[in-house]
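Text of the file query-v9.cif, holding mmCIF, C-alpha atoms:
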```cif
data_data
#
loop_
_atom_site.label_atom_id
_atom_site.label_comp_id
_atom_site.auth_asym_id
_atom_site.auth_seq_id
_atom_site.Cartn_x
_atom_site.Cartn_y
_atom_site.Cartn_z
CA MET A 30 46.21 101.23 116.83
CA ASN A 31 46.53 104.23 119.12
CA LYS A 32 49.74 105.10 120.92
CA SER A 33 48.64 103.55 124.21
CA LEU A 34 47.76 100.30 122.49
CA LEU A 35 51.07 100.18 120.63
CA ASN A 36 52.85 100.71 123.94
CA SER A 37 51.21 97.68 125.59
CA PHE A 38 50.70 95.25 122.70
CA ILE A 39 53.89 93.25 122.17
CA LYS A 40 54.63 91.38 118.97
CA PHE A 41 56.51 88.10 119.31
CA THR A 42 60.16 88.33 118.32
CA SER A 43 60.44 84.54 118.36
CA ALA A 44 58.76 82.06 116.03
CA ILE A 45 55.42 80.79 117.37
CA GLY A 46 53.51 77.61 116.78
CA ASN A 47 49.82 76.78 116.65
CA LEU A 48 47.26 78.77 118.58
CA PRO A 49 45.40 76.94 121.37
CA LYS A 50 41.97 75.60 120.40
CA HIS A 51 40.54 76.52 123.81
CA PHE A 52 41.60 79.16 126.33
CA PRO A 53 43.79 77.23 128.80
CA SER A 54 42.61 77.44 132.39
CA PRO A 55 44.64 80.06 134.30
CA PHE A 56 44.56 77.62 137.22
CA ALA A 57 46.33 74.89 135.25
CA VAL A 58 49.86 73.98 136.31
CA ASN A 59 51.50 73.83 132.88
CA PRO A 60 51.53 77.01 130.73
CA ASP A 61 50.55 76.96 127.06
CA PRO A 62 53.60 76.82 124.72
CA LEU A 63 52.79 80.31 123.39
CA CYS A 64 52.84 81.66 126.94
CA ILE A 65 56.25 80.07 127.52
CA ILE A 66 57.60 81.96 124.49
CA ALA A 67 56.10 85.22 125.75
CA ILE A 68 57.40 84.57 129.27
CA ASN A 69 60.93 83.95 128.00
CA GLU A 70 60.82 87.20 126.05
CA LEU A 71 59.60 89.06 129.13
CA LYS A 72 62.29 87.48 131.30
CA ASP A 73 64.90 88.65 128.80
CA TYR A 74 63.45 92.16 128.98
CA LEU A 75 63.49 92.15 132.81
CA THR A 76 67.08 90.98 132.81
CA HIS A 77 68.39 93.67 130.46
CA GLN A 78 66.06 96.69 130.77
CA ASN A 79 67.32 99.92 132.35
CA GLU A 80 64.13 102.02 132.17
CA TRP A 81 63.40 101.65 135.88
CA GLN A 82 65.01 100.18 138.99
CA HIS A 83 63.31 97.81 141.42
CA ASN A 84 64.85 95.64 144.10
CA PHE A 85 63.58 92.12 143.39
CA GLY A 86 66.01 90.68 145.93
CA LEU A 87 68.12 89.09 143.19
CA GLU A 88 71.22 91.26 143.50
CA LYS A 89 73.31 91.78 146.60
CA GLY A 90 73.98 95.32 147.75
CA GLN A 91 70.73 96.90 146.51
CA GLU A 92 69.01 99.39 148.79
CA GLY A 93 65.86 98.35 150.60
CA THR A 94 64.23 94.99 151.17
CA GLY A 95 63.89 92.60 148.26
CA ASP A 96 60.39 92.72 146.81
CA GLY A 97 59.68 90.00 144.27
CA LYS A 98 56.66 90.22 142.00
CA MET A 99 54.36 87.98 140.03
CA PHE A 100 54.41 88.84 136.33
CA GLY A 101 51.90 87.71 133.75
CA VAL A 102 51.50 87.42 130.00
CA LEU A 103 48.31 87.18 127.98
CA VAL A 104 48.52 86.01 124.37
CA VAL A 105 45.91 87.89 122.33
CA ARG A 106 44.48 88.38 118.87
CA THR A 107 43.76 92.05 118.09
CA ALA A 108 40.82 93.42 116.14
CA GLN A 109 43.27 93.70 113.22
CA ASN A 110 43.92 89.92 113.49
CA GLU A 111 47.46 90.39 114.80
CA ILE A 112 48.83 87.84 117.27
CA GLY A 113 50.93 89.12 120.14
CA TYR A 114 50.79 89.41 123.90
CA LEU A 115 50.30 91.75 126.83
CA ARG A 116 52.43 92.05 129.96
CA ALA A 117 51.47 92.88 133.55
CA PHE A 118 52.90 92.82 137.06
CA SER A 119 51.21 92.36 140.41
CA GLY A 120 50.87 95.42 142.61
CA LYS A 121 53.40 98.09 141.76
CA ILE A 122 57.07 98.08 140.78
CA ALA A 123 59.58 100.89 141.26
CA ALA A 124 56.92 102.71 143.32
CA SER A 125 54.64 103.09 140.30
CA ASN A 126 51.60 101.45 138.71
CA HIS A 127 52.57 102.59 135.22
CA HIS A 128 55.52 101.46 133.10
CA PRO A 129 56.06 101.29 129.35
CA ARG A 130 55.28 97.90 127.77
CA PHE A 131 52.95 96.91 130.64
CA VAL A 132 49.19 97.26 130.90
CA PRO A 133 47.87 99.78 133.46
CA PRO A 134 46.08 98.90 136.70
CA VAL A 135 42.32 98.42 136.83
CA PHE A 136 42.23 101.24 139.40
CA ASP A 137 45.21 103.50 140.07
CA SER A 138 45.51 103.55 143.85
CA LEU A 139 48.62 105.75 143.61
CA ASP A 140 46.88 108.62 141.82
CA GLY A 141 47.45 111.66 144.02
CA ASN A 142 44.25 113.26 142.77
CA SER A 143 42.03 110.30 143.57
CA PHE A 144 39.45 110.03 146.35
CA LEU A 145 41.66 107.39 147.95
CA ASN A 146 44.53 109.82 148.48
CA SER A 147 42.29 112.51 149.98
CA GLY A 148 40.52 109.87 152.05
CA MET A 149 43.78 108.60 153.50
CA ILE A 150 44.82 112.17 154.34
CA GLU A 151 41.54 112.62 156.21
CA LEU A 152 42.07 109.29 158.00
CA SER A 153 45.53 110.41 159.13
CA LYS A 154 43.98 113.63 160.44
CA ILE A 155 41.42 111.66 162.46
CA ASN A 156 44.19 109.44 163.87
CA ARG A 157 46.12 112.52 164.98
CA GLU A 158 43.02 113.90 166.69
CA LEU A 159 42.51 110.60 168.47
CA LYS A 160 46.14 110.41 169.57
CA ALA A 161 45.99 113.94 170.96
CA LEU A 162 42.86 113.13 172.94
CA GLU A 163 44.32 109.90 174.33
CA GLU A 164 47.51 111.68 175.38
CA SER A 165 45.70 114.64 176.92
CA GLU A 166 46.09 115.25 180.66
CA ILE A 167 42.33 115.31 180.94
CA ILE A 168 40.83 112.24 179.29
CA ASN A 169 37.43 112.79 177.69
CA ALA A 170 36.12 109.26 177.25
CA ASP A 171 32.97 110.30 175.40
CA GLU A 172 34.88 112.34 172.86
CA ILE A 173 37.33 109.49 172.31
CA ILE A 174 34.40 107.15 171.60
CA LEU A 175 33.00 109.64 169.08
CA ILE A 176 36.34 110.01 167.31
CA LYS A 177 36.82 106.24 167.13
CA GLN A 178 33.35 105.86 165.61
CA LYS A 179 34.15 108.64 163.14
CA ARG A 180 37.31 106.78 162.15
CA LYS A 181 35.42 103.51 161.77
CA ASP A 182 32.72 105.11 159.60
CA HIS A 183 35.28 106.92 157.44
CA SER A 184 37.31 103.73 156.90
CA ALA A 185 34.20 101.75 155.99
CA ALA A 186 33.03 104.38 153.50
CA LEU A 187 36.50 104.60 151.97
CA SER A 188 36.76 100.82 151.63
CA SER A 189 33.31 100.61 150.10
CA ARG A 190 34.14 103.26 147.49
CA LEU A 191 37.43 101.53 146.75
CA PHE A 192 35.70 98.19 146.17
CA ASP A 193 33.28 99.90 143.77
CA SER A 194 36.20 101.45 141.86
CA TYR A 195 37.65 98.05 140.96
CA SER A 196 35.22 97.15 138.17
CA PHE A 197 36.02 94.19 135.93
CA LEU A 198 34.72 93.40 132.46
CA ASN A 199 34.15 90.11 130.69
CA ILE A 200 34.15 89.47 126.95
CA SER A 201 30.50 90.60 126.75
CA GLY A 202 31.37 93.94 128.35
CA GLU A 203 29.49 93.09 131.54
CA PRO A 204 31.03 94.97 134.50
CA LYS A 205 31.20 93.71 138.08
CA ASN A 206 32.95 95.40 140.96
CA LEU A 207 34.74 93.72 143.84
CA ARG A 208 31.77 93.86 146.18
CA GLU A 209 29.55 92.16 143.60
CA ILE A 210 32.17 89.53 142.78
CA PHE A 211 32.89 88.65 146.41
CA GLU A 212 29.26 88.93 147.55
CA PHE A 213 29.15 85.24 148.44
CA ASN A 214 32.85 84.86 149.33
CA LEU A 215 34.55 85.75 152.59
CA ASN A 216 31.33 87.21 154.03
CA GLY A 217 31.24 89.70 151.18
CA ASN A 218 34.59 91.22 152.08
CA PRO A 219 37.14 91.16 149.23
CA PRO A 220 40.63 90.12 150.39
CA GLY A 221 43.36 92.73 150.55
CA GLY A 222 45.02 93.31 147.19
CA ALA A 223 42.14 91.83 145.19
CA GLY A 224 42.29 93.15 141.64
CA GLU A 225 45.98 94.01 141.84
CA CYS A 226 47.24 90.70 140.45
CA ALA A 227 48.56 90.42 136.91
CA ALA A 228 45.81 88.22 135.45
CA PRO A 229 42.83 90.58 136.02
CA LYS A 230 44.88 93.52 134.71
CA LEU A 231 45.66 91.63 131.51
CA LEU A 232 42.11 90.51 130.78
CA GLN A 233 40.71 93.96 131.60
CA TYR A 234 43.01 95.62 129.10
CA ALA A 235 42.24 93.03 126.44
CA PHE A 236 38.48 93.51 126.77
CA GLN A 237 38.80 97.30 126.82
CA HIS A 238 40.68 97.16 123.49
CA GLN A 239 38.62 94.50 121.70
CA MET A 240 41.32 91.84 121.92
CA GLN A 241 40.56 88.13 122.02
CA PRO A 242 42.37 86.36 124.88
CA LEU A 243 44.11 83.17 123.75
CA ALA A 244 46.27 82.04 126.68
CA LEU A 245 47.45 83.38 130.03
CA SER A 246 50.23 82.48 132.44
CA GLU A 247 52.06 84.00 135.42
CA PHE A 248 55.54 83.57 136.87
CA TRP A 249 57.49 84.72 139.93
CA TRP A 250 60.39 87.12 139.45
CA GLY A 251 62.45 87.80 142.55
CA GLU A 252 64.11 86.23 145.52
CA SER A 253 62.78 82.72 146.09
CA LEU A 254 60.42 82.58 149.06
CA ARG A 255 60.32 79.23 150.81
CA SER A 256 57.48 80.39 153.06
CA ASP A 257 55.24 80.94 150.02
CA GLN A 258 56.87 78.21 147.90
CA LEU A 259 57.76 80.75 145.22
CA ILE A 260 60.84 80.03 143.14
CA HIS A 261 62.46 82.67 140.96
CA GLY A 262 61.47 82.22 137.32
CA ASN A 263 58.89 79.48 137.95
CA CYS A 264 55.35 79.61 136.55
CA TYR A 265 52.37 79.36 138.88
CA PRO A 266 48.58 79.08 138.52
CA SER A 267 46.53 82.18 139.29
CA CYS A 268 45.86 82.51 143.01
CA GLU A 269 42.71 80.98 144.48
CA ASP A 270 41.72 83.48 147.16
CA LYS A 271 42.04 86.78 145.28
CA CYS A 272 41.86 85.81 141.61
CA ARG A 273 39.51 82.85 141.14
CA PRO A 274 36.25 84.73 141.86
CA ILE A 275 37.38 87.65 139.67
CA LEU A 276 38.55 85.44 136.81
CA GLU A 277 35.42 83.31 136.90
CA HIS A 278 33.48 86.47 136.07
CA MET A 279 36.00 87.80 133.55
CA LEU A 280 36.21 84.50 131.64
CA LYS A 281 32.45 84.08 131.40
CA GLY A 282 31.57 83.52 127.76
CA ILE A 283 35.03 82.23 126.84
CA ASP A 284 35.63 78.59 125.91
CA VAL A 285 37.99 77.63 128.75
CA ALA A 286 39.70 74.25 128.62
CA VAL A 287 38.72 71.93 131.43
#
```
Representation of the structure as structure tokens:
Amino acid sequence: MNKSLLNSFIKFTSAIGNLPKHFPSPFAVNPDPLCIIAINELKDYLTHQNEWQHNFGLEKGQEGTGDGKMFGVLVVRTAQNEIGYLRAFSGKIAASNHHPRFVPPVFDSLDGNSFLNSGMIELSKINRELKALEESEIINADEIILIKQKRKDHSAALSSRLFDSYSFLNISGEPKNLREIFEFNLNGNPPGGAGECAAPKLLQYAFQHQMQPLALSEFWWGESLRSDQLIHGNCYPSCEDKCRPILEHMLKGIDVAV
């Protein structure tokens, strides 16, 4: 295995039982026993690690607003027939998309050299131009209309390129981007944050490195949120609005338990 693979593939430190006969549905309520073992090992890591600092809202006195995250584990079999698991988090933690022992994002939206960064800089420039025109002593309505249209066109082009950059594989290596996946959902507009959840990150990494997915589960780590019915440490099915269309594509060709 290469260094990157060694960094993300985690061997169980606890004894494990039988492998599942079918890939458990990620939308099932109860996690597979192997996932529970992997989750407990990840929870232990989150409790004791000191490689990075993130305010999950679990400790009083920390700076900033508590920001809990959904974490995920994917039990896999490698091409070398080793059994272990991968770890992922939703969005970013500690202001970064990359951390040791976790798989990377499908698309790195925080890359300062990416088109997204330069596109957002240009959008800010357009907003400043618009603000200056609107605050001018002499209002030029036609120019304001042109600038607003320019902003709309730039935002649409940026969003379209971003959707194309989130491209997801399945076990056959078939890629589909967000626009293709959500073509018949939500009027073809992917929801905000689509592709940033833990489950798609895990499956993407597994397929990129010729790993066989065996079981997947996610859990909430952070201050309990009554509004979203999220309890610290509890496991939850993958989300319906952002993840189901993506996972239906990514799990095509895999024997998923009903």
For stretch 242-255 of chain A, take all atoms listed in the file, fit an axis-aligned box around them, add 8 Å to each of the six sides, then output centre and edge lengths in Å rounded to one decimal, as JSON.
```
{"center_x": 53.2, "center_y": 83.5, "center_z": 137.3, "size_x": 37.7, "size_y": 24.6, "size_z": 43.1}
```
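Excluding A:Asn199 itself and any same-chain residue fewer than 5 positions from it, the protein and nucleic acid residues within 8 Å of it, counting only C-alpha atoms, are Pro204, Leu232, Gln233, Phe236, His278, Met279, Leu280, Lys281 and Gly282 of chain A.
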**Study point:** Selection as a list in words: residues within 10 Å of (64.7, 99.6, 139.9), counting only C-alpha atoms
**Key:** Gln78, Asn79, Glu80, Trp81, Gln82, His83, Asn84, Phe85, Gln91, Glu92, Ile122, Ala123 and Ala124 of chain A
Check your understanding: So what do you get for atom CA of A:Lys160 versus atom CA of A:Asn142, distance-wise?
Key ->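 These atoms are spaced 27.0 Å apart.
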Study note, to complete from the structure: atom CA of A:Met240 sits from atom CA of A:Asn59 at a separation of 23.4 Å
Revision key, fill the gap. What separates atom CA of A:Val102 and atom CA of A:Leu71 is a distance of 8.3 Å
